[in-house]
Structures are given as C-alpha cells and as structure tokens.
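Listing of final07.txt, compact mmCIF, C-alpha atoms
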# COMPACT_ATOMS: atom_id res chain seq x y z
CA MET A 68 71.17 88.07 79.90
CA LYS A 69 72.07 87.20 83.48
CA ILE A 70 72.74 89.77 86.18
CA ILE A 71 74.83 89.00 89.26
CA LEU A 72 74.68 91.41 92.19
CA TYR A 73 77.49 91.31 94.76
CA ASP A 74 77.53 92.85 98.23
CA GLU A 75 81.13 93.96 98.69
CA GLY A 76 80.63 95.31 102.20
CA THR A 77 77.58 97.60 102.22
CA SER A 78 76.85 96.34 105.75
CA GLY A 79 73.10 96.25 105.39
CA GLU A 80 72.74 99.77 103.94
CA LEU A 81 70.89 98.35 100.94
CA ASP A 82 67.98 95.97 100.54
CA LEU A 83 69.56 93.92 97.75
CA THR A 84 66.60 91.56 97.60
CA GLU A 85 64.36 94.50 96.72
CA ILE A 86 66.90 95.77 94.18
CA ALA A 87 67.02 92.32 92.57
CA ARG A 88 63.21 92.16 92.45
CA TYR A 89 63.00 95.59 90.82
CA THR A 90 65.69 94.73 88.26
CA GLY A 91 63.97 91.51 87.29
CA LYS A 92 60.63 93.29 86.92
CA LYS A 93 62.15 95.91 84.61
CA LEU A 94 63.85 93.34 82.39
CA GLY A 95 61.28 90.59 81.99
CA LYS A 96 62.50 87.11 82.75
CA VAL A 97 66.15 88.00 83.19
CA GLU A 98 67.89 85.90 85.80
CA VAL A 99 69.11 87.98 88.74
CA GLU A 100 71.43 86.31 91.22
CA LEU A 101 72.50 87.68 94.61
CA ARG A 102 75.91 86.94 96.06
CA GLU A 103 77.43 88.06 99.33
CA SER A 104 80.88 88.95 98.03
CA LEU A 105 83.36 88.55 95.22
CA PHE A 106 85.79 87.22 97.76
CA ALA A 107 84.27 83.91 98.83
CA ALA A 108 84.76 82.62 102.35
CA ASP A 109 86.48 79.49 101.04
CA LEU A 110 89.39 81.41 99.48
CA SER A 111 92.72 80.55 101.02
CA PRO A 112 94.44 83.07 103.32
CA GLU A 113 97.19 83.41 100.70
CA ILE A 114 94.72 84.42 97.96
CA ILE A 115 92.91 86.82 100.30
CA ALA A 116 96.27 88.38 101.20
CA GLU A 117 97.11 88.84 97.51
CA TYR A 118 93.79 90.54 96.76
CA ALA A 119 94.26 92.69 99.86
CA ARG A 120 97.69 93.77 98.59
CA LYS A 121 96.27 94.71 95.18
CA ILE A 122 93.33 96.65 96.64
CA ALA A 123 95.65 98.47 99.03
CA GLY A 124 97.75 99.35 95.97
CA ALA A 125 94.72 101.10 94.48
CA LYS A 126 94.58 103.60 97.36
CA VAL A 127 94.98 107.23 96.30
CA GLN A 128 97.79 108.80 98.32
CA ASP A 129 97.40 112.34 97.00
CA VAL A 130 94.23 113.58 95.26
CA SER A 131 96.32 116.02 93.22
CA GLN A 132 98.61 113.31 91.81
CA ARG A 133 97.36 110.87 89.20
CA MET A 134 98.21 107.21 89.80
CA GLU A 135 100.10 105.96 86.77
CA ALA A 136 100.59 102.52 88.31
CA ALA A 137 99.40 100.58 91.32
CA GLN A 138 101.14 101.67 94.53
CA GLU A 139 103.34 99.48 96.69
CA PRO A 140 101.29 99.38 99.91
CA LEU A 141 102.52 99.41 103.47
CA TYR A 142 102.12 96.38 105.73
CA GLY A 143 99.39 98.10 107.77
CA GLU A 144 97.43 98.99 104.63
CA VAL A 145 97.46 95.37 103.48
CA GLU A 146 96.38 94.16 106.92
CA PHE A 147 93.52 96.66 106.89
CA GLU A 148 92.33 95.34 103.53
CA LYS A 149 92.58 91.74 104.75
CA ARG A 150 90.25 92.64 107.62
CA ARG A 151 87.98 94.46 105.16
CA LEU A 152 87.75 91.47 102.83
CA THR A 153 86.95 89.10 105.69
CA GLY A 154 84.21 91.37 107.04
CA LYS A 155 86.09 92.55 110.13
CA SER A 156 86.37 96.22 109.14
CA ARG A 157 84.74 98.88 106.97
CA ALA A 158 86.45 101.16 104.44
CA PHE A 159 85.86 104.56 106.05
CA GLY A 160 87.90 107.51 104.81
CA VAL A 161 89.94 105.63 102.18
CA LEU A 162 89.85 106.84 98.58
CA TYR A 163 90.65 104.39 95.80
CA ASP A 164 91.42 104.91 92.13
CA GLY A 165 88.26 103.56 90.52
CA GLY A 166 90.03 102.11 87.51
CA TRP A 167 92.59 100.19 89.55
CA LEU A 168 89.91 99.00 91.98
CA ARG A 169 87.78 97.78 89.08
CA SER A 170 90.70 95.81 87.68
CA VAL A 171 91.10 93.94 90.98
CA PHE A 172 87.37 93.20 91.15
CA SER A 173 87.45 92.01 87.53
CA GLU A 174 90.33 89.67 88.31
CA ALA A 175 88.27 88.15 91.15
CA ILE A 176 85.52 87.12 88.70
CA PRO A 177 86.33 83.76 87.07
CA ALA A 178 87.19 84.22 83.39
CA GLU A 179 84.41 81.88 82.26
CA LYS A 180 81.85 84.16 83.94
CA ARG A 181 83.11 87.35 82.26
CA GLN A 182 80.90 86.85 79.24
CA LEU A 183 78.90 89.30 77.14
CA ASP A 184 75.57 87.86 78.30
CA CYS A 185 76.43 88.26 82.00
CA LEU A 186 76.35 91.61 83.80
CA HIS A 187 78.25 91.84 87.10
CA ILE A 188 77.31 94.69 89.46
CA ILE A 189 79.22 95.22 92.70
CA PHE A 190 77.76 97.23 95.59
CA THR A 191 80.34 98.60 97.98
CA ASN A 192 80.74 101.28 100.63
CA ARG A 193 84.28 101.92 99.38
CA MET A 194 84.88 105.47 98.22
CA PHE A 195 86.49 105.73 94.79
CA GLY A 196 87.25 108.44 92.32
CA SER A 197 88.53 109.12 88.85
CA TRP A 198 91.17 111.53 87.63
CA ASP A 199 89.94 114.79 86.10
CA ASP A 200 92.42 116.11 83.55
CA HIS A 201 90.80 119.55 83.54
CA ASN A 202 91.00 120.16 87.30
CA LYS A 203 94.11 118.01 87.81
CA ARG A 204 92.71 116.12 90.76
CA TYR A 205 90.64 113.08 91.70
CA HIS A 206 86.90 113.50 91.94
CA LEU A 207 84.57 111.21 93.86
CA ARG A 208 82.25 109.03 91.81
CA THR A 209 78.96 107.35 92.59
CA SER A 210 79.50 104.57 90.08
CA LEU A 211 81.80 103.11 87.49
CA TYR A 212 80.32 101.28 84.52
CA SER A 213 82.55 98.65 83.01
CA VAL A 214 83.22 94.93 83.52
CA PRO A 215 82.28 94.74 86.32
CA SER A 216 80.20 97.80 87.17
CA ILE A 217 80.66 99.25 90.67
CA ILE A 218 78.13 101.28 92.65
CA SER A 219 79.29 103.00 95.84
CA THR A 220 76.80 103.79 98.59
CA THR A 221 79.36 106.23 100.02
CA GLY A 222 79.71 107.77 96.57
CA ILE A 223 75.96 108.35 96.30
CA ILE A 224 76.14 110.24 99.60
CA GLU A 225 79.41 112.12 99.11
CA ALA A 226 79.99 112.62 95.37
CA PRO A 227 77.01 114.73 94.22
CA ALA A 228 77.26 118.19 95.76
CA ARG A 229 74.86 119.31 98.46
CA PRO A 230 72.93 122.60 98.08
CA ARG A 231 75.23 125.61 97.62
CA GLU A 232 73.91 127.35 100.71
CA TYR A 233 74.86 124.29 102.78
CA TYR A 234 78.56 124.91 102.07
CA VAL A 235 78.24 128.65 102.80
CA LEU A 236 76.66 127.95 106.19
CA LYS A 237 79.12 125.14 106.92
CA GLN A 238 82.02 127.54 106.43
CA GLN A 239 80.35 130.06 108.74
CA TYR A 240 79.76 127.38 111.39
CA GLN A 241 83.39 126.31 111.25
CA SER A 242 84.67 129.91 111.51
CA LEU A 243 82.56 130.36 114.64
CA GLY A 244 83.70 127.07 116.14
CA LYS A 245 80.20 125.58 115.90
CA ASP A 246 79.53 121.94 115.07
CA PRO A 247 78.53 121.84 111.35
CA THR A 248 76.74 118.49 111.79
CA ALA A 249 73.81 120.48 113.21
CA LEU A 250 73.26 121.79 109.66
CA LYS A 251 71.87 118.43 108.61
CA GLU A 252 68.62 119.15 110.44
CA SER A 253 68.17 122.43 108.53
CA PHE A 254 68.71 120.66 105.19
CA GLN A 255 66.88 117.46 106.05
CA GLY A 256 65.57 115.71 102.95
CA ARG A 257 67.62 117.78 100.52
CA PHE A 258 70.46 115.29 100.24
CA ILE A 259 70.99 111.55 100.73
CA ASP A 260 72.77 110.79 104.00
CA TYR A 261 74.16 107.78 105.82
CA GLU A 262 71.52 105.30 107.04
CA ASP A 263 69.04 107.09 104.77
CA GLU A 264 65.91 105.02 104.16
CA ARG A 265 65.82 106.35 100.57
CA LEU A 266 69.17 104.82 99.64
CA THR A 267 67.79 101.53 98.28
CA GLU A 268 65.29 103.31 96.04
CA VAL A 269 67.96 105.71 94.75
CA THR A 270 70.36 102.84 94.04
CA LYS A 271 67.81 101.15 91.76
CA GLY A 272 68.37 103.92 89.23
CA TYR A 273 72.12 103.33 89.26
CA VAL A 274 71.56 99.64 88.65
CA VAL A 275 69.49 100.49 85.58
CA GLN A 276 72.31 102.78 84.43
CA ALA A 277 74.63 99.77 84.63
CA VAL A 278 72.12 97.70 82.64
CA VAL A 279 71.76 100.36 79.93
CA TYR A 280 75.56 100.68 79.74
CA HIS A 281 75.71 96.91 79.19
CA LEU A 282 73.08 97.18 76.43
CA THR A 283 74.17 100.36 74.64
CA GLY A 284 77.57 101.51 75.96
CA ASP A 285 76.06 104.77 77.28
CA PRO A 286 74.59 104.73 80.81
CA PHE A 287 73.38 108.35 80.98
CA CYS A 288 70.54 110.56 79.81
CA GLU A 289 70.24 114.35 79.43
CA ASP A 290 66.63 114.31 80.65
CA ARG A 291 66.70 115.53 84.29
CA GLY A 292 63.58 113.50 85.09
CA CYS A 293 64.98 110.19 83.78
CA ARG A 294 66.62 107.82 86.28
CA LEU A 295 69.61 107.69 83.94
CA TYR A 296 70.35 111.39 84.46
CA ASN A 297 73.98 111.90 85.48
CA ALA A 298 73.34 114.03 88.58
CA HIS A 299 76.19 116.16 89.93
CA TRP A 300 74.02 117.77 92.63
CA GLN A 301 72.13 115.98 95.37
CA GLU A 302 68.93 117.81 94.56
CA ASP A 303 69.15 116.66 90.93
CA LEU A 304 69.81 113.10 92.10
CA ILE A 305 66.76 113.17 94.38
CA TYR A 306 64.58 114.61 91.63
CA ALA A 307 65.66 112.05 89.01
CA GLN A 308 65.43 109.04 91.32
CA LEU A 309 62.55 109.93 93.64
CA GLU A 310 60.49 112.95 92.62
CA SER A 311 60.17 112.95 88.84
CA GLY A 312 56.71 112.12 87.54
CA TYR A 313 58.13 109.28 85.45
CA GLU A 314 60.96 106.76 85.79
CA PHE A 315 62.52 106.90 82.34
CA CYS A 316 62.38 109.06 79.26
CA THR A 317 60.64 107.65 76.19
CA ARG A 318 63.89 106.53 74.55
CA HIS A 319 65.19 104.63 77.56
CA GLU A 320 61.77 103.16 78.34
CA GLU A 321 61.84 101.74 74.82
CA ILE A 322 65.37 100.35 75.26
CA LEU A 323 64.40 98.62 78.50
CA GLY A 324 61.17 97.36 76.97
CA LYS A 325 63.01 95.75 74.06
CA ALA A 326 65.53 94.22 76.46
CA GLY A 327 62.63 92.76 78.44
CA GLU A 328 61.08 91.30 75.30
CA ASN A 329 64.37 89.64 74.39
CA ASN A 330 64.59 88.14 77.87
CA GLY A 331 60.98 86.99 77.85
Transcribe the structure of this file into structure tokens.
Amino acid sequence: MKIILYDEGTSGELDLTEIARYTGKKLGKVEVELRESLFAADLSPEIIAEYARKIAGAKVQDVSQRMEAAQEPLYGEVEFEKRRLTGKSRAFGVLYDGGWLRSVFSEAIPAEKRQLDCLHIIFTNRMFGSWDDHNKRYHLRTSLYSVPSIISTTGIIEAPARPREYYVLKQQYQSLGKDPTALKESFQGRFIDYEDERLTEVTKGYVVQAVVYHLTGDPFCEDRGCRLYNAHWQEDLIYAQLESGYEFCTRHEEILGKAGENNG
C-alpha cells in the first residue's frame, strides 16, 4: 500500500513531515509520499479556472437546504477559488458540501493513481459539512473518508462541540455586550483552537482513521480511549487523541499490526 498526503492549503498549521513519519512507523514499510497540493503549479490557467468553478459550485448557500446538484457560482466566487488554489487566499468562513468537494478532489487525481493499493489523504483548512436527514440541516465534519479522504483542520477545531458550560457563558457574555473571545482563557486546554500546538498530534489519529477505512471500510471505534473514536465533543476528542493511556483498542491494534506485516 502507498499513502499520498496532500497539503491543500493548511498554511503551516500541520507538521506533515511528522505525520508522514508517524504513519510510516505504524504501518511498517509502507511508502508515504508528501505533496504540496492536488492542484500542481504547472496546471494551465484554464484548468485552474475550471477546478475553481467546480469548487465554488460546492459551496453551501443555505445550511437548511440540501444541495441536490452543484450550484452555478457567481463570478466573484470563482475568482476567490482561483486565488485559493494558487495560494493567494485562505478559505475562511466558507462552508462546502463535503460530498461535492470530494468529487472535485477525486477528479484532480489522475485516474491511473486512483487504485486500490493507493490511499490519498488531503489536508485542508476548508470547512465542509454533510447533510443530516434527521435535523434537516448541514453539520460540520472533521473528516470525510472515501476516495480521496479529506481531513479539515478547521473541522477539527469547529465541528466537535466545546464544553456545554462554554456555550452557556458565551450566551451570557453576548447578552451583556462583552467580548466572548475572553472565554477562551477560562477554558484553555479543554478544546483544540487555531494555532494550537496539539493539532498535529490530534490529526495523526484522523490519518489512522483514514487508513483503517481503506483497510476495512469502517474508520471508527466505540472505545472512547481508541484514536478511532468518533468524537462529537472536544473533550472526547482530546481524551481519545491525547490523554488515553493507550493509542488503539486491541482490535484495531491487531488490524494495524497485520497491515504492517503485509507491508513489511
């Protein structure tokens, strides 16, 4: 198995060299390759513009309305994405439909490289979500496991909920006209934040989730102490990725061990 890691605009938030080292160590002699972006610098302006149009079409316009098809983007939205793809802008505040975004990323991978023995993982600071039929709205996601798999640094920060009391106090701050950003000091360490030095270590667990999805079709574990635990709260995420007394449950340790033997 070969693993290719792409940096689709994390802007230095992650130490991808360390993530690659960790992944290789966990999986024996698997080949791990680092690439800067799916959208190579030698692509023509016309091709970049076409990808920009498709990514802009994946933007969610209304979180309470499910996208049944890609949207027809405005000129300014396409221009924004062109700047984003060429490294001249970052994707702050834009929500994308994860499925449509994945389809564009998949299209950017040459067909001959979309093989069963090759796992593609894309790191991005783009914020994406998936439609929830029960609540009838989009929900933010940390990751999407498919071909390729996508891991969002913004999603890790924003998707899992912060402690309940944080939201109670935030509402009180806002009603009093106080700046709620001051709350971060009171809750320091209890959630992952922007420019957080723990982000690389946390992301390693999501990479292994992508690997286990590739191997078994199921990336998650019900064991709260396993790095494959599907955390919906920041405190659960921090426990699973940083504070548990072990990395993986017995079953997933065995799965990774066998994968390492096959790669050895």
Please write as a PDB file with C-alpha atoms, in the coordinates of the input the list of polymer residues whose atoms come within 9 Å of (76.0, 87.9, 84.8), counting only C-alpha atoms and keeping to the coordinates of the file.
ATOM      1  CA  MET A  68      71.170  88.070  79.900  1.00  0.00           C
ATOM      2  CA  LYS A  69      72.070  87.200  83.480  1.00  0.00           C
ATOM      3  CA  ILE A  70      72.740  89.770  86.180  1.00  0.00           C
ATOM      4  CA  ILE A  71      74.830  89.000  89.260  1.00  0.00           C
ATOM      5  CA  LEU A  72      74.680  91.410  92.190  1.00  0.00           C
ATOM      6  CA  GLU A  98      67.890  85.900  85.800  1.00  0.00           C
ATOM      7  CA  VAL A  99      69.110  87.980  88.740  1.00  0.00           C
ATOM      8  CA  GLU A 100      71.430  86.310  91.220  1.00  0.00           C
ATOM      9  CA  LYS A 180      81.850  84.160  83.940  1.00  0.00           C
ATOM     10  CA  ARG A 181      83.110  87.350  82.260  1.00  0.00           C
ATOM     11  CA  GLN A 182      80.900  86.850  79.240  1.00  0.00           C
ATOM     12  CA  LEU A 183      78.900  89.300  77.140  1.00  0.00           C
ATOM     13  CA  ASP A 184      75.570  87.860  78.300  1.00  0.00           C
ATOM     14  CA  CYS A 185      76.430  88.260  82.000  1.00  0.00           C
ATOM     15  CA  LEU A 186      76.350  91.610  83.800  1.00  0.00           C
ATOM     16  CA  HIS A 187      78.250  91.840  87.100  1.00  0.00           C
ATOM     17  CA  ILE A 188      77.310  94.690  89.460  1.00  0.00           C
TER      18      ILE A 188
END
* Using only C-alpha atoms, determine which residues lie at most 9 Å from Asp246 of chain A, disregarding the query and same-chain residues fewer than 5 positions distant; provide the list as a list in words. =>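 Counting only C-alpha atoms, the residues come to Lys237, Tyr240 and Gln241 of chain A.
Closest to Ser131 of chain A among A:Asn192, A:Ser197, A:Ser253, A:Asn297 is A:Ser197, based on only C-alpha atoms.
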* Point out the residue among A:Ser170, A:Thr90, A:Gln132, A:Thr270 with the least atom-to-atom distance to Val214 of chain A, counting all atoms listed in the file. => A:Ser170
* Mind giving me the straight-line distance from atom CA of His281 of chain A to atom CA of Asp82 of chain A in Å, one decimal? => 22.7 Å
